[in-house]
$ cat input24.txt   # compact mmCIF, C-alpha atoms
# COMPACT_ATOMS: atom_id res chain seq x y z
CA MET A 1 13.36 45.94 -7.20
CA ARG A 2 12.57 46.09 -10.91
CA HIS A 3 13.49 42.44 -11.28
CA LEU A 4 11.16 41.57 -8.39
CA PHE A 5 8.28 43.36 -10.12
CA SER A 6 9.05 41.46 -13.33
CA PHE A 7 8.95 38.16 -11.46
CA LEU A 8 5.69 39.06 -9.73
CA LEU A 9 4.16 40.10 -13.03
CA PHE A 10 5.06 36.69 -14.52
CA LEU A 11 3.69 34.92 -11.46
CA ALA A 12 0.53 36.96 -11.53
CA PHE A 13 -0.32 35.79 -15.02
CA PHE A 14 1.08 32.31 -15.75
CA VAL A 15 2.14 29.45 -13.51
CA PRO A 16 3.39 26.39 -15.45
CA VAL A 17 2.18 23.06 -14.02
CA GLY A 18 3.45 20.05 -15.92
CA ALA A 19 2.16 20.19 -19.50
CA GLN A 20 -0.42 22.88 -18.76
CA THR A 21 -0.24 26.55 -17.76
CA ILE A 22 -2.49 27.94 -15.04
CA ARG A 23 -3.58 31.57 -15.25
CA VAL A 24 -3.34 33.44 -11.94
CA GLU A 25 -4.55 37.04 -12.20
CA HIS A 26 -3.65 40.05 -10.10
CA PRO A 27 -6.29 42.70 -9.30
CA VAL A 28 -7.65 44.20 -12.52
CA GLY A 29 -6.93 47.86 -13.26
CA LYS A 30 -3.83 48.14 -11.09
CA GLU A 31 -0.19 48.23 -12.00
CA LEU A 32 1.80 45.68 -10.03
CA LYS A 33 4.00 48.33 -8.41
CA SER A 34 0.93 49.97 -6.89
CA LEU A 35 -0.37 46.78 -5.23
CA SER A 36 -0.49 46.62 -1.46
CA THR A 37 1.37 43.96 0.49
CA GLY A 38 -1.94 42.20 1.13
CA GLU A 39 -2.77 42.13 -2.59
CA ILE A 40 0.68 40.77 -3.47
CA ASN A 41 0.33 38.11 -0.78
CA ALA A 42 -3.05 37.17 -2.24
CA ILE A 43 -1.39 36.55 -5.62
CA PHE A 44 1.14 34.26 -3.96
CA ASP A 45 -1.64 32.48 -2.05
CA ARG A 46 -3.43 31.72 -5.32
CA ALA A 47 -0.26 30.59 -7.07
CA ASN A 48 1.15 28.57 -4.16
CA PRO A 49 -1.00 25.41 -4.60
CA TRP A 50 0.02 25.15 -8.25
CA LEU A 51 3.68 25.65 -7.42
CA LYS A 52 3.40 22.82 -4.91
CA ILE A 53 1.83 20.57 -7.53
CA LYS A 54 4.64 21.37 -9.94
CA ALA A 55 7.18 20.52 -7.22
CA LEU A 56 5.43 17.19 -6.56
CA GLN A 57 5.44 16.37 -10.26
CA GLU A 58 9.12 17.21 -10.61
CA MET A 59 9.95 15.07 -7.58
CA SER A 60 8.07 12.14 -9.15
CA ASP A 61 9.87 12.53 -12.46
CA ASN A 62 13.25 12.42 -10.70
CA MET A 63 12.63 9.35 -8.53
CA ASN A 64 14.23 6.76 -10.82
CA LEU A 65 11.06 4.73 -10.31
CA ASN A 66 10.12 1.62 -12.22
CA GLY A 67 6.45 1.54 -11.32
CA SER A 68 3.47 3.80 -10.65
CA ILE A 69 2.91 6.78 -8.39
CA LEU A 70 -0.26 8.64 -7.45
CA ILE A 71 -0.59 11.70 -5.21
CA ALA A 72 -4.02 13.11 -4.41
CA LEU A 73 -4.95 16.22 -2.45
CA ASP A 74 -8.48 16.11 -1.07
CA ASP A 75 -9.36 13.33 -3.54
CA LYS A 76 -8.10 15.29 -6.55
CA VAL A 77 -5.25 13.53 -8.35
CA VAL A 78 -2.35 15.96 -8.80
CA VAL A 79 0.32 13.42 -9.78
CA ARG A 80 -0.28 10.29 -11.82
CA ARG A 81 2.86 8.78 -13.30
CA THR A 82 3.90 5.35 -14.55
CA TYR A 83 7.43 4.57 -15.63
CA GLY A 84 9.30 1.52 -16.84
CA TYR A 85 8.71 -2.10 -17.56
CA ALA A 86 6.86 -5.17 -16.35
CA ARG A 87 10.12 -7.10 -16.82
CA LEU A 88 13.51 -5.40 -16.82
CA TYR A 89 15.14 -8.19 -18.83
CA LYS A 90 18.50 -7.78 -17.18
CA LYS A 91 19.15 -11.12 -15.53
CA GLY A 92 17.31 -13.94 -13.83
CA LYS A 93 16.65 -17.65 -13.81
CA ASP A 94 14.12 -17.47 -16.65
CA LEU A 95 16.44 -15.36 -18.84
CA ALA A 96 19.46 -17.63 -18.95
CA GLY A 97 20.83 -18.05 -22.45
CA MET A 98 19.38 -14.84 -23.92
CA THR A 99 21.83 -12.47 -25.58
CA LEU A 100 22.05 -8.79 -24.65
CA GLU A 101 20.38 -7.92 -27.94
CA GLN A 102 17.50 -10.31 -27.23
CA LEU A 103 17.07 -8.92 -23.71
CA THR A 104 17.02 -5.33 -24.97
CA ARG A 105 14.51 -6.17 -27.70
CA ALA A 106 12.23 -8.00 -25.26
CA ARG A 107 12.34 -5.11 -22.77
CA GLY A 108 11.36 -2.57 -25.42
CA LYS A 109 8.22 -4.35 -26.63
CA SER A 110 5.07 -2.26 -26.19
CA GLU A 111 3.30 -4.98 -24.19
CA ASN A 112 6.15 -4.86 -21.67
CA LYS A 113 5.52 -1.21 -20.78
CA LEU A 114 3.85 -0.61 -17.43
CA LEU A 115 0.46 1.12 -17.63
CA HIS A 116 -1.55 3.19 -15.14
CA THR A 117 -3.88 0.17 -14.82
CA THR A 118 -1.21 -2.51 -14.48
CA PRO A 119 -1.96 -4.58 -11.34
CA TYR A 120 0.98 -5.21 -8.98
CA GLU A 121 1.36 -7.82 -6.27
CA LEU A 122 0.62 -5.50 -3.33
CA ALA A 123 2.63 -7.49 -0.79
CA SER A 124 1.76 -6.27 2.73
CA LEU A 125 -0.56 -3.51 1.51
CA SER A 126 -2.92 -6.51 1.35
CA LYS A 127 -3.17 -6.61 5.15
CA GLN A 128 -5.51 -3.60 5.46
CA PHE A 129 -8.04 -5.42 3.26
CA THR A 130 -7.83 -8.59 5.34
CA ALA A 131 -8.31 -6.53 8.49
CA ALA A 132 -11.35 -4.81 6.94
CA ALA A 133 -12.90 -8.20 6.13
CA ILE A 134 -12.48 -9.33 9.73
CA LEU A 135 -13.85 -6.07 11.14
CA LYS A 136 -16.81 -6.29 8.77
CA LEU A 137 -17.68 -9.70 10.23
CA VAL A 138 -17.20 -8.33 13.74
CA SER A 139 -19.52 -5.39 13.01
CA GLN A 140 -22.12 -7.87 11.74
CA GLY A 141 -21.90 -9.99 14.90
CA LYS A 142 -20.44 -13.00 13.06
CA LEU A 143 -17.13 -12.76 14.89
CA GLN A 144 -15.71 -11.15 18.02
CA LEU A 145 -12.30 -9.66 18.64
CA THR A 146 -12.11 -11.75 21.81
CA ASP A 147 -12.67 -15.06 20.00
CA TYR A 148 -9.78 -17.43 20.61
CA LEU A 149 -7.82 -19.20 17.91
CA THR A 150 -8.89 -22.53 19.38
CA LYS A 151 -12.50 -21.74 18.40
CA PHE A 152 -11.52 -22.16 14.75
CA TYR A 153 -8.61 -24.58 15.15
CA PRO A 154 -9.18 -27.01 18.03
CA GLU A 155 -5.87 -28.71 17.16
CA ASN A 156 -3.99 -25.40 17.51
CA PRO A 157 -1.12 -25.84 20.02
CA TYR A 158 -0.92 -22.12 20.86
CA SER A 159 -3.20 -21.02 23.69
CA GLY A 160 -4.52 -17.59 24.64
CA ILE A 161 -4.39 -16.02 21.14
CA THR A 162 -7.41 -13.94 20.13
CA ILE A 163 -8.53 -12.28 16.88
CA HIS A 164 -7.37 -8.98 18.38
CA HIS A 165 -3.87 -10.39 18.92
CA LEU A 166 -3.69 -11.50 15.29
CA LEU A 167 -4.89 -8.14 13.94
CA SER A 168 -2.47 -6.13 16.11
CA HIS A 169 0.59 -8.42 15.72
CA THR A 170 0.69 -9.17 19.43
CA SER A 171 0.08 -12.92 19.13
CA GLY A 172 3.67 -14.10 19.52
CA LEU A 173 3.25 -16.62 16.69
CA PRO A 174 6.41 -17.58 14.78
CA GLU A 175 6.95 -16.21 11.25
CA TYR A 176 6.00 -18.83 8.68
CA PHE A 177 8.30 -17.15 6.13
CA ASN A 178 11.21 -18.29 8.31
CA PHE A 179 10.30 -21.98 8.36
CA PRO A 180 12.96 -24.28 6.80
CA ASP A 181 12.66 -24.85 3.05
CA GLU A 182 11.96 -28.55 3.62
CA TYR A 183 8.56 -27.59 5.06
CA TRP A 184 7.49 -26.73 1.52
CA SER A 185 9.60 -29.20 -0.45
CA ASP A 186 6.69 -31.56 -1.15
CA THR A 187 4.59 -28.99 -3.03
CA ASN A 188 5.02 -26.24 -5.64
CA PHE A 189 2.06 -24.27 -4.31
CA VAL A 190 1.51 -23.45 -0.63
CA SER A 191 -2.10 -22.62 0.25
CA ASN A 192 -3.16 -21.01 3.51
CA SER A 193 -4.50 -24.32 4.81
CA PHE A 194 -1.24 -26.08 3.93
CA ALA A 195 0.87 -23.42 5.68
CA ILE A 196 -1.40 -23.45 8.75
CA ALA A 197 -1.17 -27.25 8.98
CA LYS A 198 2.63 -26.95 8.94
CA LEU A 199 2.48 -24.22 11.59
CA PHE A 200 0.43 -26.32 13.97
CA SER A 201 2.17 -29.66 13.34
CA SER A 202 5.66 -28.19 13.68
CA ARG A 203 4.85 -26.74 17.10
CA ASN A 204 7.52 -24.08 16.73
CA LYS A 205 7.99 -22.25 20.00
CA ILE A 206 5.82 -19.18 20.52
CA LEU A 207 7.87 -15.97 20.59
CA PHE A 208 6.15 -14.48 23.63
CA LYS A 209 2.95 -14.77 25.60
CA PRO A 210 0.00 -13.26 23.65
CA GLY A 211 -0.31 -9.56 24.43
CA ALA A 212 3.07 -9.37 26.15
CA ASN A 213 4.93 -7.90 23.18
CA TYR A 214 4.56 -6.69 19.60
CA LYS A 215 6.18 -8.30 16.58
CA TYR A 216 5.01 -7.77 13.02
CA THR A 217 4.43 -11.30 11.72
CA ASN A 218 2.84 -12.42 8.45
CA THR A 219 1.50 -15.58 10.08
CA ASN A 220 -1.18 -13.49 11.81
CA TYR A 221 -2.81 -12.34 8.58
CA LEU A 222 -2.44 -15.73 6.91
CA LEU A 223 -4.64 -17.07 9.71
CA LEU A 224 -7.12 -14.17 9.53
CA ALA A 225 -7.83 -14.83 5.84
CA ASP A 226 -8.45 -18.48 6.61
CA ILE A 227 -10.74 -17.57 9.51
CA VAL A 228 -12.90 -15.53 7.10
CA GLU A 229 -13.38 -18.73 5.07
CA LYS A 230 -14.20 -20.77 8.17
CA VAL A 231 -16.79 -18.27 9.41
CA LEU A 232 -18.55 -17.83 6.06
CA GLY A 233 -17.99 -21.19 4.39
CA ILE A 234 -16.87 -19.54 1.12
CA LYS A 235 -13.51 -18.80 -0.45
CA PHE A 236 -11.72 -15.75 0.90
CA GLU A 237 -11.18 -14.43 -2.64
CA LYS A 238 -14.89 -14.61 -3.48
CA TYR A 239 -15.93 -12.87 -0.28
CA MET A 240 -13.46 -10.03 -0.87
CA ALA A 241 -14.62 -9.55 -4.46
CA ASP A 242 -18.33 -9.70 -3.66
CA SER A 243 -18.34 -7.62 -0.47
CA ILE A 244 -15.53 -5.11 -1.03
CA PHE A 245 -13.85 -4.88 -4.44
CA THR A 246 -16.90 -4.97 -6.73
CA PRO A 247 -19.19 -2.71 -4.64
CA ILE A 248 -16.64 0.11 -4.53
CA GLY A 249 -15.55 -0.25 -8.16
CA MET A 250 -12.04 -1.64 -7.68
CA LYS A 251 -11.35 -3.01 -11.16
CA ASN A 252 -8.29 -5.15 -11.87
CA THR A 253 -8.18 -6.13 -8.20
CA PHE A 254 -7.91 -9.83 -7.37
CA TYR A 255 -5.76 -12.41 -5.60
CA TYR A 256 -2.81 -14.43 -6.82
CA THR A 257 -4.92 -17.58 -6.99
CA GLU A 258 -7.14 -15.86 -9.60
CA LYS A 259 -4.33 -14.79 -11.96
CA ALA A 260 -4.82 -17.68 -14.34
CA SER A 261 -8.38 -16.55 -15.12
CA LYS A 262 -7.33 -12.98 -15.98
CA LYS A 263 -6.79 -12.74 -19.72
CA GLY A 264 -4.93 -10.00 -21.53
CA ILE A 265 -3.05 -8.73 -18.46
CA VAL A 266 0.73 -8.52 -18.48
CA PHE A 267 1.80 -9.17 -14.90
CA PRO A 268 4.93 -7.42 -13.63
CA ARG A 269 7.71 -9.58 -12.30
CA GLY A 270 9.46 -8.52 -9.11
CA HIS A 271 13.13 -7.48 -9.34
CA LEU A 272 15.88 -7.19 -6.75
CA GLY A 273 18.06 -4.09 -6.51
CA SER A 274 20.54 -5.77 -8.85
CA GLY A 275 17.84 -5.94 -11.54
CA GLU A 276 17.54 -9.71 -11.22
CA GLU A 277 14.05 -11.15 -11.66
CA VAL A 278 12.64 -13.06 -8.73
CA ALA A 279 11.38 -16.48 -9.77
CA PHE A 280 8.06 -17.92 -8.64
CA GLU A 281 8.20 -19.87 -5.38
CA PRO A 282 5.59 -21.92 -3.49
CA LEU A 283 4.91 -19.25 -0.85
CA ASP A 284 3.53 -16.91 -3.52
CA GLY A 285 0.26 -18.84 -3.11
CA THR A 286 -0.58 -17.73 0.44
CA LEU A 287 -3.12 -14.92 0.90
CA GLY A 288 -4.20 -12.37 3.48
CA ASP A 289 -0.75 -11.22 4.48
CA LYS A 290 -0.02 -10.55 0.79
CA GLY A 291 -1.23 -11.96 -2.54
CA LEU A 292 -3.59 -9.15 -3.58
CA TYR A 293 -3.12 -7.51 -6.99
CA SER A 294 -4.27 -3.96 -7.75
CA TYR A 295 -3.16 -0.55 -9.08
CA PRO A 296 -3.09 3.03 -7.73
CA GLU A 297 -6.45 4.41 -8.88
CA ALA A 298 -8.27 1.33 -7.53
CA LEU A 299 -6.47 1.87 -4.22
CA MET A 300 -7.66 5.48 -4.25
CA LYS A 301 -11.24 4.22 -4.63
CA TRP A 302 -10.57 2.02 -1.60
CA LYS A 303 -9.23 4.95 0.40
CA ILE A 304 -12.33 7.05 -0.31
CA ALA A 305 -14.78 4.23 0.43
CA TYR A 306 -12.99 2.97 3.55
CA PHE A 307 -11.60 6.08 5.26
CA ASN A 308 -13.92 8.84 4.04
CA GLU A 309 -17.34 7.40 3.17
CA TYR A 310 -17.36 4.45 5.63
CA SER A 311 -19.11 2.33 3.01
CA VAL A 312 -16.98 -0.76 3.70
CA ILE A 313 -17.40 -0.95 7.47
CA PRO A 314 -19.03 1.40 10.00
CA LYS A 315 -17.07 4.49 11.08
CA GLU A 316 -16.45 3.22 14.62
CA TRP A 317 -14.50 0.26 13.25
CA VAL A 318 -12.52 2.39 10.80
CA VAL A 319 -11.55 4.62 13.73
CA LYS A 320 -10.38 1.53 15.64
CA ALA A 321 -8.43 0.28 12.61
CA MET A 322 -6.50 3.54 12.31
CA SER A 323 -5.90 3.93 16.06
CA PRO A 324 -3.06 2.20 17.99
CA GLN A 325 -4.21 -1.28 19.00
CA ASN A 326 -0.93 -2.91 19.98
CA LYS A 327 -1.03 -1.83 23.61
CA LEU A 328 0.62 -4.49 25.76
CA HIS A 329 -0.61 -6.18 28.93
CA ASN A 330 1.63 -4.00 31.09
CA GLY A 331 0.03 -0.87 29.62
CA ALA A 332 3.04 0.07 27.50
CA ARG A 333 2.92 0.82 23.80
CA PRO A 334 5.73 -0.28 21.50
CA SER A 335 7.67 2.46 19.70
CA GLU A 336 6.05 1.28 16.47
CA LEU A 337 2.29 1.87 16.55
CA TYR A 338 -0.04 -0.52 14.73
CA GLY A 339 -3.81 -0.48 14.43
CA TYR A 340 -5.70 -3.16 12.53
CA GLY A 341 -3.91 -3.70 9.22
CA LEU A 342 -2.33 -0.24 9.37
CA HIS A 343 0.82 1.40 10.71
CA ILE A 344 0.39 4.69 12.57
CA GLU A 345 2.88 7.49 13.09
CA ASP A 346 2.42 10.73 15.02
CA ASP A 347 4.90 12.96 13.25
CA PRO A 348 5.79 16.12 15.24
CA CYS A 349 5.93 18.22 12.05
CA HIS A 350 3.23 16.65 9.86
CA GLY A 351 0.67 15.15 12.24
CA ARG A 352 -0.85 11.68 12.29
CA LEU A 353 0.00 9.47 9.32
CA ILE A 354 -1.71 6.20 8.43
CA TYR A 355 0.40 4.01 6.19
CA HIS A 356 1.63 0.59 5.18
CA GLY A 357 4.59 -0.64 3.20
CA GLY A 358 4.84 -3.70 1.04
CA LEU A 359 7.91 -5.81 0.34
CA TRP A 360 7.79 -9.20 -1.34
CA HIS A 361 10.06 -10.78 -3.93
CA GLY A 362 11.14 -7.60 -5.62
CA PHE A 363 7.88 -5.68 -5.19
CA ASN A 364 8.36 -2.60 -3.04
CA HIS A 365 5.44 -0.27 -2.17
CA ILE A 366 4.16 2.47 0.11
CA MET A 367 0.64 3.78 0.69
CA MET A 368 0.25 6.75 3.03
CA TYR A 369 -2.88 8.63 4.06
CA ARG A 370 -3.07 11.75 6.24
CA PRO A 371 -6.57 12.19 7.74
CA SER A 372 -6.13 15.87 8.65
CA ASP A 373 -6.11 17.07 5.03
CA ASN A 374 -7.00 13.92 3.07
CA LEU A 375 -3.56 13.62 1.48
CA LEU A 376 -2.91 10.31 -0.28
CA PHE A 377 0.42 9.00 -1.57
CA ILE A 378 0.71 5.66 -3.35
CA CYS A 379 3.88 4.29 -4.90
CA LEU A 380 3.92 0.77 -6.38
CA SER A 381 7.12 -0.66 -7.82
CA ASN A 382 8.29 -4.01 -9.15
CA TYR A 383 11.94 -3.01 -8.75
CA ARG A 384 13.53 -2.96 -5.31
CA ASN A 385 15.87 -0.04 -5.98
CA ARG A 386 14.61 2.03 -3.02
CA ALA A 387 13.28 4.75 -5.36
CA HIS A 388 10.46 5.75 -3.01
CA ILE A 389 12.47 5.66 0.22
CA GLY A 390 12.21 9.03 1.99
CA LYS A 391 9.76 10.44 -0.56
CA SER A 392 6.85 10.51 1.93
CA SER A 393 8.80 13.07 3.96
CA VAL A 394 9.59 15.09 0.82
CA ILE A 395 5.92 15.13 -0.19
CA LEU A 396 4.79 16.23 3.26
CA THR A 397 7.41 18.99 3.33
CA ILE A 398 6.27 20.29 -0.07
CA VAL A 399 2.58 20.18 0.83
CA ASP A 400 3.06 21.73 4.27
CA GLY A 401 5.55 24.31 3.04
CA VAL A 402 8.02 23.62 5.82

$ encode --input "input24.txt" --output "structure tokens"
Amino acid sequence: MRHLFSFLLFLAFFVPVGAQTIRVEHPVGKELKSLSTGEINAIFDRANPWLKIKALQEMSDNMNLNGSILIALDDKVVVRRTYGYARLYKKGKDLAGMTLEQLTRARGKSENKLLHTTPYELASLSKQFTAAAILKLVSQGKLQLTDYLTKFYPENPYSGITIHHLLSHTSGLPEYFNFPDEYWSDTNFVSNSFAIAKLFSSRNKILFKPGANYKYTNTNYLLLADIVEKVLGIKFEKYMADSIFTPIGMKNTFYYTEKASKKGIVFPRGHLGSGEEVAFEPLDGTLGDKGLYSYPEALMKWKIAYFNEYSVIPKEWVVKAMSPQNKLHNGARPSELYGYGLHIEDDPCHGRLIYHGGLWHGFNHIMMYRPSDNLLFICLSNYRNRAHIGKSSVILTIVDGV
């Protein structure tokens, strides 16, 4: 019992959290042994949030992550970590001929260290932004969810596909990533228009009748980005910057096609689990399904503006985006729920989760938001070593205390 009192006395005064120490006081004028159960519980209640933060920080430090992580509770950042390198300098096509000493020296250069503001290729995290652009046009009456693909592409060989089908991955369109390499052999840069022309001219068989099934397919969001351009008559990148990124203060956020104009930024290279760098390839140039660059704190600004303040699109459309939209013609819902640009999971222990992963050429990310308590978890990595796999569940367990 004496040891318990000693522990409680320590807890009642100092709770270490990372590099700082939080003071948590017990009722003044009382010895700890004379406290009631309610008063002791109150001490634990005050200390508990800080103990959870410390647990989250320790988890982050033990992830073996090469990248950046941010965890926020009710829009207060409690974990902000960045580890590792823009280039691992282990092996890869561009590193052939370098000695081990040269690779080690190159890796250790200060400009090769990842920073909190380093922008990563977001891969499929990009889709929520493309969906928001489409829904913004819908809310303004410039587009309708029931508009057919043929309205924008009269030459399109696929009938019955609507904007809704594209947004919810129920279109049945084939995956352009899976087209034979010879489709792209005559260019070193594939634009959206080039890829769409190949899609239509190839007349690859549709996977299923629109609305009859659900299959997550990047082709859908490639088309949606191009439709934004067709409706507005301006470049997709410019519209996104002018109407979304700049108004909500998302610095260092831009598309792949704008990289050349960004001076002084060291761009991370993607790496496979073996540590091998992934070389540039023509499909890096397509946008909407991927191709957006940003960093965690800019993504937090997006989360606040989009999900909490409704300053990007009206609330009714945000609610639609984060609600299951992939209901099929027969009334069934697939086991995997998808809204507009967002995955949805109803976890029996932790409630409704809104999330999206990102996986492209060695970049491997997760962004998860829980509406019930405004929890945000972002992990961006340029090393596909599965460091963040399963960490969402760990975070939720720590926060919920279960």

$ residues_around --input "input24.txt" --residues "Leu137 of chain A" --least-positions-apart "3" --cutoff "12 Å" --atoms "only C-alpha atoms" --output "short mmCIF file (atom, residue, chain, number, x, y, z; two decimals) with C-alpha atoms, keeping the file's coordinate frame"
data_model
loop_
_atom_site.label_atom_id
_atom_site.label_comp_id
_atom_site.auth_asym_id
_atom_site.auth_seq_id
_atom_site.Cartn_x
_atom_site.Cartn_y
_atom_site.Cartn_z
CA THR A 130 -7.83 -8.59 5.34
CA ALA A 131 -8.31 -6.53 8.49
CA ALA A 132 -11.35 -4.81 6.94
CA ALA A 133 -12.90 -8.20 6.13
CA ILE A 134 -12.48 -9.33 9.73
CA GLN A 140 -22.12 -7.87 11.74
CA GLY A 141 -21.90 -9.99 14.90
CA LYS A 142 -20.44 -13.00 13.06
CA LEU A 143 -17.13 -12.76 14.89
CA GLN A 144 -15.71 -11.15 18.02
CA LEU A 145 -12.30 -9.66 18.64
CA ILE A 163 -8.53 -12.28 16.88
CA LEU A 224 -7.12 -14.17 9.53
CA ALA A 225 -7.83 -14.83 5.84
CA ILE A 227 -10.74 -17.57 9.51
CA VAL A 228 -12.90 -15.53 7.10
CA GLU A 229 -13.38 -18.73 5.07
CA LYS A 230 -14.20 -20.77 8.17
CA VAL A 231 -16.79 -18.27 9.41
CA LEU A 232 -18.55 -17.83 6.06
CA TYR A 239 -15.93 -12.87 -0.28
CA MET A 240 -13.46 -10.03 -0.87
CA SER A 243 -18.34 -7.62 -0.47
CA VAL A 312 -16.98 -0.76 3.70
CA ILE A 313 -17.40 -0.95 7.47
CA PRO A 314 -19.03 1.40 10.00
CA TRP A 317 -14.50 0.26 13.25
#

$ closest_atom_pairs --input "input24.txt" --of "segment 212-280 of chain A" --to "segment 347-363 of chain A" --cutoff "10 Å" --atoms "all atoms listed in the file" --output "CSV"
residue,atom,partner,partner_atom,distance
A:Pro268,CA,A:Phe363,CA,9.1
A:Arg269,CA,A:Gly362,CA,7.8
A:Gly270,CA,A:Gly362,CA,4.0
A:His271,CA,A:Gly362,CA,4.2
A:Leu272,CA,A:Gly362,CA,4.9
A:Gly273,CA,A:Gly362,CA,7.8
A:Gly275,CA,A:Gly362,CA,9.1
A:Glu276,CA,A:Gly362,CA,8.8
A:Glu277,CA,A:Gly362,CA,7.6
A:Val278,CA,A:His361,CA,5.9
A:Ala279,CA,A:His361,CA,8.3
A:Phe280,CA,A:His361,CA,8.8

$ residues_around --input "input24.txt" --residues "Gly84 of chain A" --least-positions-apart "6" --cutoff "9 Å" --atoms "all atoms listed in the file" --output "list in words"
Leu65, Asn66, Gly67, Ser68, Asn112, Lys113, Leu114 and Leu115 of chain A

$ atom_distance --input "input24.txt" --atom1 "atom CA of Arg203 of chain A" --atom2 "atom CA of Pro157 of chain A"
6.7 Å

$ residues_around --input "input24.txt" --residues "Lys303 of chain A" --least-positions-apart "2" --cutoff "12 Å" --atoms "only C-alpha atoms" --output "PyMOL selection string"
chain A and resi 72+74-75+128-129+132+244-245+248-250+296-301+305-312+318+354-355+367-371+374-378

$ residues_near_point --input "input24.txt" --point "(-2.3, -8.2, -18.9)" --cutoff "10 Å" --atoms "all atoms listed in the file" --output "NGL selection string"
:A and (86 or 111-112 or 114-115 or 117-119 or 252 or 259 or 262-268)

$ residues_near_point --input "input24.txt" --point "(-5.9, -18.3, 7.5)" --cutoff "12 Å" --atoms "all atoms listed in the file" --output "PyMOL selection string"
chain A and resi 130+134+149+152-153+163+166+176+191-197+199+218-231+235-236+286-290

$ residues_around --input "input24.txt" --residues "Cys379 of chain A" --least-positions-apart "6" --cutoff "6 Å" --atoms "only C-alpha atoms" --output "list in words"
Ser68, Ile69, His365 and Ile366 of chain A

$ write_last_selection --input "input24.txt" --atoms "C-alpha atoms" --output "PDB file, keeping the file's coordinate frame"
ATOM      1  CA  SER A  68       3.470   3.800 -10.650  1.00  0.00           C
ATOM      2  CA  ILE A  69       2.910   6.780  -8.390  1.00  0.00           C
ATOM      3  CA  HIS A 365       5.440  -0.270  -2.170  1.00  0.00           C
ATOM      4  CA  ILE A 366       4.160   2.470   0.110  1.00  0.00           C
TER       5      ILE A 366
END

$ decode --input "input24.txt" --residues "segment 381-394 of chain A" --atoms "N, CA and C atoms" --output "short mmCIF file (atom, residue, chain, number, x, y, z; two decimals), in the first residue's frame"
data_model
loop_
_atom_site.label_atom_id
_atom_site.label_comp_id
_atom_site.auth_asym_id
_atom_site.auth_seq_id
_atom_site.Cartn_x
_atom_site.Cartn_y
_atom_site.Cartn_z
N SER A 381 4.75 8.48 -45.90
CA SER A 381 6.05 7.82 -45.97
C SER A 381 6.48 7.62 -47.42
N ASN A 382 7.77 7.78 -47.66
CA ASN A 382 8.33 7.50 -48.98
C ASN A 382 9.11 6.19 -48.98
N TYR A 383 8.76 5.31 -48.04
CA TYR A 383 9.42 4.01 -47.91
C TYR A 383 8.35 2.97 -47.60
N ARG A 384 8.17 2.05 -48.54
CA ARG A 384 7.09 1.07 -48.41
C ARG A 384 7.52 -0.11 -47.52
N ASN A 385 7.79 0.19 -46.25
CA ASN A 385 8.20 -0.86 -45.32
C ASN A 385 7.09 -1.24 -44.35
N ARG A 386 5.87 -0.77 -44.64
CA ARG A 386 4.67 -1.12 -43.86
C ARG A 386 4.74 -0.60 -42.42
N ALA A 387 5.48 0.47 -42.20
CA ALA A 387 5.66 0.99 -40.83
C ALA A 387 4.34 1.39 -40.19
N HIS A 388 3.41 1.93 -40.98
CA HIS A 388 2.17 2.43 -40.38
C HIS A 388 1.05 1.40 -40.34
N ILE A 389 1.28 0.22 -40.90
CA ILE A 389 0.23 -0.79 -40.96
C ILE A 389 -0.19 -1.20 -39.54
N GLY A 390 -1.49 -1.11 -39.27
CA GLY A 390 -2.04 -1.49 -37.97
C GLY A 390 -1.97 -0.40 -36.92
N LYS A 391 -1.31 0.73 -37.25
CA LYS A 391 -1.14 1.78 -36.24
C LYS A 391 -2.43 2.56 -35.99
N SER A 392 -3.33 2.62 -36.95
CA SER A 392 -4.62 3.27 -36.73
C SER A 392 -5.35 2.61 -35.57
N SER A 393 -5.34 1.28 -35.56
CA SER A 393 -6.00 0.53 -34.49
C SER A 393 -5.32 0.77 -33.15
N VAL A 394 -3.99 0.85 -33.16
CA VAL A 394 -3.24 1.12 -31.92
C VAL A 394 -3.61 2.49 -31.37
#
